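Participant: Here it is: the structure, laid out below.
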Amino acid sequence: MSISLDLERELTIHRYSNSEEWVRGVKKRRDGAEILMLLLGDHDLEIVMLQRSTGEIERLMVPVTDSPMVLPSGFGIGEVLATEERIREEETRLIFANAPYMGKSVKGKGVFTYPLGPVRADVSEALLYQLQVMGDEIVRLDLVHRLKERHVRDLCQGRLVSDGVRLVERTTGTSTVAHALAYSLAVEQALGWETEPGVAHGRMIVAELERVYSHLGDLAALAVSTGMPVPQMEYLHHKEVILRLNYHLFGHRYLRGVVVPGGVRTLDIRKPLDTVRQTIVSMRDTVERIQDDLGRTTSFLDRLHGAGIIPTETVDFVRPVGPVGRASKRGYDVRRMRPYLDYAGVDFEVPVLECGDAFGRFMIKVSELNQSLSLLRRLMASEDWMRAPDLERSLNRSNGVGIGVVEAPRGLLSYRVEVGRDLIIRQLDVSTPSERNWFVVPPAIANKNILQDFPIIDASFGLSVAGWDK
Amino acid sequence: MYYWHWVRNILRKPYTTGYPTQDDGVVMSMLNSDGITETFAKNQSPMNRRAVALRQVDAGSCNGCESELSLLSSPDYDLSRYGFSLAPSPKHADILVVTGVVTEPMARVVKAVYDQMTEPKRVVAVGVCAISGGVFRDAPGVIGSLAGIVPVSIQIDGCPPTPGDILRGLMWAVDGKDPQVDREVLA
């Protein structure tokens with residue numbers, strides 16, 4: 001094993017000579033770290049991880065030989081299950097044994113398979129749920145995905161970095177800013193670009209606006225799944241208010257084209273900023289009141305408490321991120337672990353709960369919403385961000401690899417971009433929070449829940465299929 | 001303990017707005033005013049004579065269009081006041097709403113859903129992706145436009161189109177004319 005250090009880019013590269021050493025190395029370093037992604041290059045297999053305490057990014061590489069390389073069952077890293085699925089199809093030199101955590105299929109008298117999807121419910125994304133039920137109890141769930149793969153990764157290769165941002169922000173519509181931001185940070189790191197201070201401030205504002213509307217939408221979906229139309233309507237109305245605010249301030253309801261490599265685009269503010277601040281403050285009060293009232297509504301709480309508990313072994317193996325992880329004792333937030341933009345200088349709380357059920361996920365989303373709203377109020381107090389430059393500059397052109405890690409509304413999102421000197425993307429890799437968290441959904445649903453709990457548990461996760469089938 | 005909200009909501013001015021779109025003056029005036037103005041379509045008849053059930057199918061969207069479609073039931077847009085509702089089954093639906101670029105696995109599903117619907121039926125393509133494939137047009141495993149798979153009545157442009165645009169397009173698909181411009185388009 002050899003270690004080299006690229007100080008300027010905060011990356012430590014560990015090179016291993018064979019796969020056994022590599023797997024051992026990954027398992028050893030994994031405990032204090034978050035796995036960002038598993039990559040298969042032309043010559044190397046690589047794990048990128050982020051050390052929680054130092055915020056340092058480590059790359060663990062092993063050469064891929066021509067003879068088939070057998071990796072241990074699930075190889076102990078649940079985070080990369082989604083990438084593993086893809087690599088298994090593309091690459092014959094690597095053999096992954098089946099992941100053991102999924103459990104066995106159920107057969108027998110009285111067990112029925114109830115297919116749900118890809119066309120289902122009110123407005124939903126394309127995903128097929130194969131629910132195996134015995135009476136009312138769900139005994140197993142299989143998810144059939146990849147129905148809507150759009151191959152963003154492949155499309156980005158060979159394009160200019162400025163064109164790539166249009167594609168990556170269409171990976172997941174409700175995480176537009178997070179995707180554009182992680183991509184931009186990666187490109188800026190790869191090319192050695194520096195942004196002006198106002199840019200970071202502006203980007204924080206759009207990132208928090210996105211977290212607010214995304215959480216409001218998730219909470220509305222959770223409210224209606226328990227048959228509570230009044231809070232659903234209140235949450236939806238507030239979501240619409242934020243979307244209109246986005247349109248005012250940045251010219252797009254979903255903030256597309258706002259974050260670009262090298263800068264952030266803002267409009268001339270047509271609405272006085274005081275009114276915007278007032279909207280944010282009054283929304284915080286209303287949202288808190290809705291939360292208090294829901295907290296006293298027993299018909300709502302009874303449906304959430306104890307529904308969809310993620311088993312401890314699944315949490316340890318898959319290690320979910322974002323609100324789903326924070327509701328199951330995994331209190332990690334990229335904004336704390338590796339502060340990007342100006343997050344090191346602002347004060348906010350990262351809520352953590354231990355219960356791991358639907359109620360926990362509801363509470364985490366509610367308190368994150370409150371945190372983001374008060375963060376927004378403080379960020380908007382200064383007006384530096386309004387003077388943010390909107391030009392893409394190519395200062396000292398270099399080429400290289402950059403890694404961008406951000407906390408998207410649904411959790412840890414990372415991009416690895418390899419850019420050439422001609423500003424063309426050589427390779428792009430992405431790991432989304434949804435593709436990681438979907439692997440905890442089947443064990444959580446097939447955990448002594450009945451069919452009537454299914455929509456509630458499904459809504460409490462609030463994951464996007466677009467982020468999985470990207 | 002939602003009784004207090006009920007009482008308050010009865011007394012309060014409604015949140016509801018018309019169907020603002022980005023192309024016309026209505027949305028501009030609405031966006032520039034601080035309060036929420038109530039606007040209605042020009043030829044809105046006092047009595048609604050629609051009872052139209054919608055079935056949405058995601059053929060490969062980024063979930064931006066889904067987010068806007070779910071906002072149709074918000075108090076700001078309230079699609080039910082124009083006689084629309086979302087049906088859980090294609091057998092009950094009159095309008096098929098398709099979002100996103102059509103991928104190969106989903107093309108089969110979209111066709112099956114269309115065949116399940118009873119006559120008369122219309123298809124509405126929501127968003128740039130469903131109309132032309134958008135940025136994902138050249139992706140592997142992607143067919144692209146919806147038009148080659150099922151007959152499309154109305155295309156609602158935008159990435160994603162606003163709920164106001166979607167409402168206007170849906171009314172256009174049912175009535176055969178633009179509710180705002182009052183122009184004959186469909187036979």
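Every chain in the structure tokens takes a letter, A first, then B, and so on in the order presented; its residues are numbered from 1, and the ligands are numbered from 1 following the presented order.
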Any idea which chain A residues end up within 8 Å of chain B if we count only C-alpha atoms, as a PyMOL selection string please?

Facilitator: chain A and resi 119-126+147-152+154-155+166-167+170-174+217+230+233+236-237+240+244+248+254+270-271+293-294+296-297+464+466-467

Participant: In segment 313-397 of chain A, what's alpha helix (DSSP H) per DSSP? Answer as number ranges by chain?

Facilitator: A: 313-318, 322-326, 334-337, 358-381

Participant: Only N, CA and C atoms, please: the residues just picked out, written as a tab-separated table (two decimals), in the first residue's frame.

Facilitator:
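Saved file selection22.tsv follows:
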chain	number	residue	atom	x	y	z
A	313	GLU	N	-29.80	-3.59	12.29
A	313	GLU	CA	-28.76	-4.16	11.42
A	313	GLU	C	-28.77	-3.52	10.04
A	314	THR	N	-29.97	-3.14	9.57
A	314	THR	CA	-30.04	-2.44	8.28
A	314	THR	C	-29.38	-1.08	8.37
A	315	VAL	N	-29.64	-0.37	9.48
A	315	VAL	CA	-29.02	0.95	9.66
A	315	VAL	C	-27.49	0.81	9.66
A	316	ASP	N	-27.00	-0.21	10.37
A	316	ASP	CA	-25.55	-0.40	10.44
A	316	ASP	C	-24.96	-0.78	9.08
A	317	PHE	N	-25.72	-1.54	8.30
A	317	PHE	CA	-25.17	-2.00	7.04
A	317	PHE	C	-25.30	-0.95	5.94
A	318	VAL	N	-26.51	-0.45	5.72
A	318	VAL	CA	-26.73	0.50	4.61
A	318	VAL	C	-26.27	1.90	5.01
A	322	GLY	N	-29.01	11.72	5.54
A	322	GLY	CA	-30.05	12.73	5.53
A	322	GLY	C	-31.05	12.54	6.66
A	323	PRO	N	-32.28	13.09	6.49
A	323	PRO	CA	-33.28	12.98	7.55
A	323	PRO	C	-33.58	11.53	7.93
A	324	VAL	N	-33.53	10.61	6.96
A	324	VAL	CA	-33.79	9.20	7.26
A	324	VAL	C	-32.73	8.67	8.22
A	325	GLY	N	-31.47	9.01	7.97
A	325	GLY	CA	-30.39	8.56	8.84
A	325	GLY	C	-30.45	9.25	10.20
A	326	ARG	N	-30.78	10.56	10.18
A	326	ARG	CA	-30.80	11.31	11.44
A	326	ARG	C	-31.93	10.86	12.36
A	334	VAL	N	-23.36	16.96	6.31
A	334	VAL	CA	-22.16	17.42	5.60
A	334	VAL	C	-21.83	18.86	5.96
A	335	ARG	N	-22.88	19.64	6.25
A	335	ARG	CA	-22.65	21.05	6.60
A	335	ARG	C	-21.80	21.17	7.86
A	336	ARG	N	-21.77	20.09	8.69
A	336	ARG	CA	-20.96	20.08	9.90
A	336	ARG	C	-19.64	19.34	9.68
A	337	MET	N	-19.72	18.17	8.99
A	337	MET	CA	-18.53	17.33	8.82
A	337	MET	C	-17.47	18.01	7.98
A	358	ALA	N	-41.59	6.30	11.52
A	358	ALA	CA	-42.14	7.37	10.70
A	358	ALA	C	-42.26	8.67	11.49
A	359	PHE	N	-42.59	8.55	12.78
A	359	PHE	CA	-42.71	9.75	13.61
A	359	PHE	C	-41.36	10.46	13.73
A	360	GLY	N	-40.29	9.67	13.89
A	360	GLY	CA	-38.95	10.25	13.96
A	360	GLY	C	-38.61	11.03	12.71
A	361	ARG	N	-38.93	10.44	11.56
A	361	ARG	CA	-38.62	11.12	10.30
A	361	ARG	C	-39.45	12.39	10.15
A	362	PHE	N	-40.70	12.34	10.65
A	362	PHE	CA	-41.54	13.54	10.63
A	362	PHE	C	-40.93	14.64	11.50
A	363	MET	N	-40.52	14.27	12.72
A	363	MET	CA	-39.97	15.26	13.64
A	363	MET	C	-38.66	15.85	13.11
A	364	ILE	N	-37.82	15.01	12.51
A	364	ILE	CA	-36.55	15.51	11.96
A	364	ILE	C	-36.82	16.52	10.86
A	365	LYS	N	-37.78	16.19	9.98
A	365	LYS	CA	-38.07	17.12	8.88
A	365	LYS	C	-38.63	18.42	9.40
A	366	VAL	N	-39.50	18.32	10.41
A	366	VAL	CA	-40.10	19.53	10.98
A	366	VAL	C	-39.02	20.42	11.60
A	367	SER	N	-38.09	19.81	12.37
A	367	SER	CA	-37.09	20.68	13.02
A	367	SER	C	-36.06	21.19	12.01
A	368	GLU	N	-35.78	20.40	10.98
A	368	GLU	CA	-34.88	20.92	9.94
A	368	GLU	C	-35.50	22.10	9.20
A	369	LEU	N	-36.82	21.99	9.00
A	369	LEU	CA	-37.54	23.08	8.35
A	369	LEU	C	-37.42	24.36	9.17
A	370	ASN	N	-37.62	24.23	10.50
A	370	ASN	CA	-37.49	25.40	11.37
A	370	ASN	C	-36.08	25.96	11.34
A	371	GLN	N	-35.09	25.06	11.39
A	371	GLN	CA	-33.69	25.49	11.35
A	371	GLN	C	-33.38	26.24	10.07
A	372	SER	N	-33.85	25.70	8.94
A	372	SER	CA	-33.56	26.34	7.66
A	372	SER	C	-34.22	27.69	7.55
A	373	LEU	N	-35.46	27.80	8.09
A	373	LEU	CA	-36.15	29.08	8.01
A	373	LEU	C	-35.42	30.14	8.84
A	374	SER	N	-34.93	29.74	10.02
A	374	SER	CA	-34.24	30.77	10.81
A	374	SER	C	-32.86	31.08	10.22
A	375	LEU	N	-32.25	30.06	9.59
A	375	LEU	CA	-30.99	30.29	8.89
A	375	LEU	C	-31.19	31.29	7.74
A	376	LEU	N	-32.30	31.09	7.01
A	376	LEU	CA	-32.60	31.98	5.89
A	376	LEU	C	-32.81	33.41	6.35
A	377	ARG	N	-33.52	33.54	7.49
A	377	ARG	CA	-33.78	34.89	8.01
A	377	ARG	C	-32.47	35.60	8.31
A	378	ARG	N	-31.52	34.84	8.91
A	378	ARG	CA	-30.23	35.47	9.25
A	378	ARG	C	-29.40	35.74	8.00
A	379	LEU	N	-29.46	34.81	7.01
A	379	LEU	CA	-28.67	35.00	5.79
A	379	LEU	C	-29.16	36.19	5.00
A	380	MET	N	-30.49	36.39	5.02
A	380	MET	CA	-31.05	37.47	4.22
A	380	MET	C	-30.83	38.83	4.87
A	381	ALA	N	-30.39	38.83	6.14
A	381	ALA	CA	-30.16	40.10	6.83
A	381	ALA	C	-29.07	40.91	6.13

Participant: Work out how far atom CA of Cys156 of chain A is from atom CA of Gly257 of chain A, in Å to one decimal.

Facilitator: 16.2 Å

Participant: Please compute the atom CA of Arg410 of chain A-atom CA of Trp193 of chain A distance, one decimal, in Å.

Facilitator: 27.8 Å

Participant: Skip Leu245 of chain A itself and residues of its chain fewer than 3 positions away, then list as a ChimeraX atom specification all residues within 10 Å of it, counting only C-alpha atoms.

Facilitator: /A:209,239-242,248-253,271,276,279-280 /B:31

Participant: Atom CA of Glu407 of chain A and atom CA of Arg203 of chain A are how many Å apart?

Facilitator: 12.7 Å

Participant: I want to know what sits within 10 Å of Gln51 of chain A, based on only C-alpha atoms, with residues of the same chain fewer than 3 positions away left out; could you give that as a list in words?

Facilitator: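 The contact residues come out as Arg29, Arg30, Asp31, Gly32, Ala33, Glu34, Ile35, Thr54, Gly55, Glu56, Ile57, Glu58, Met337 and Arg338 of chain A.
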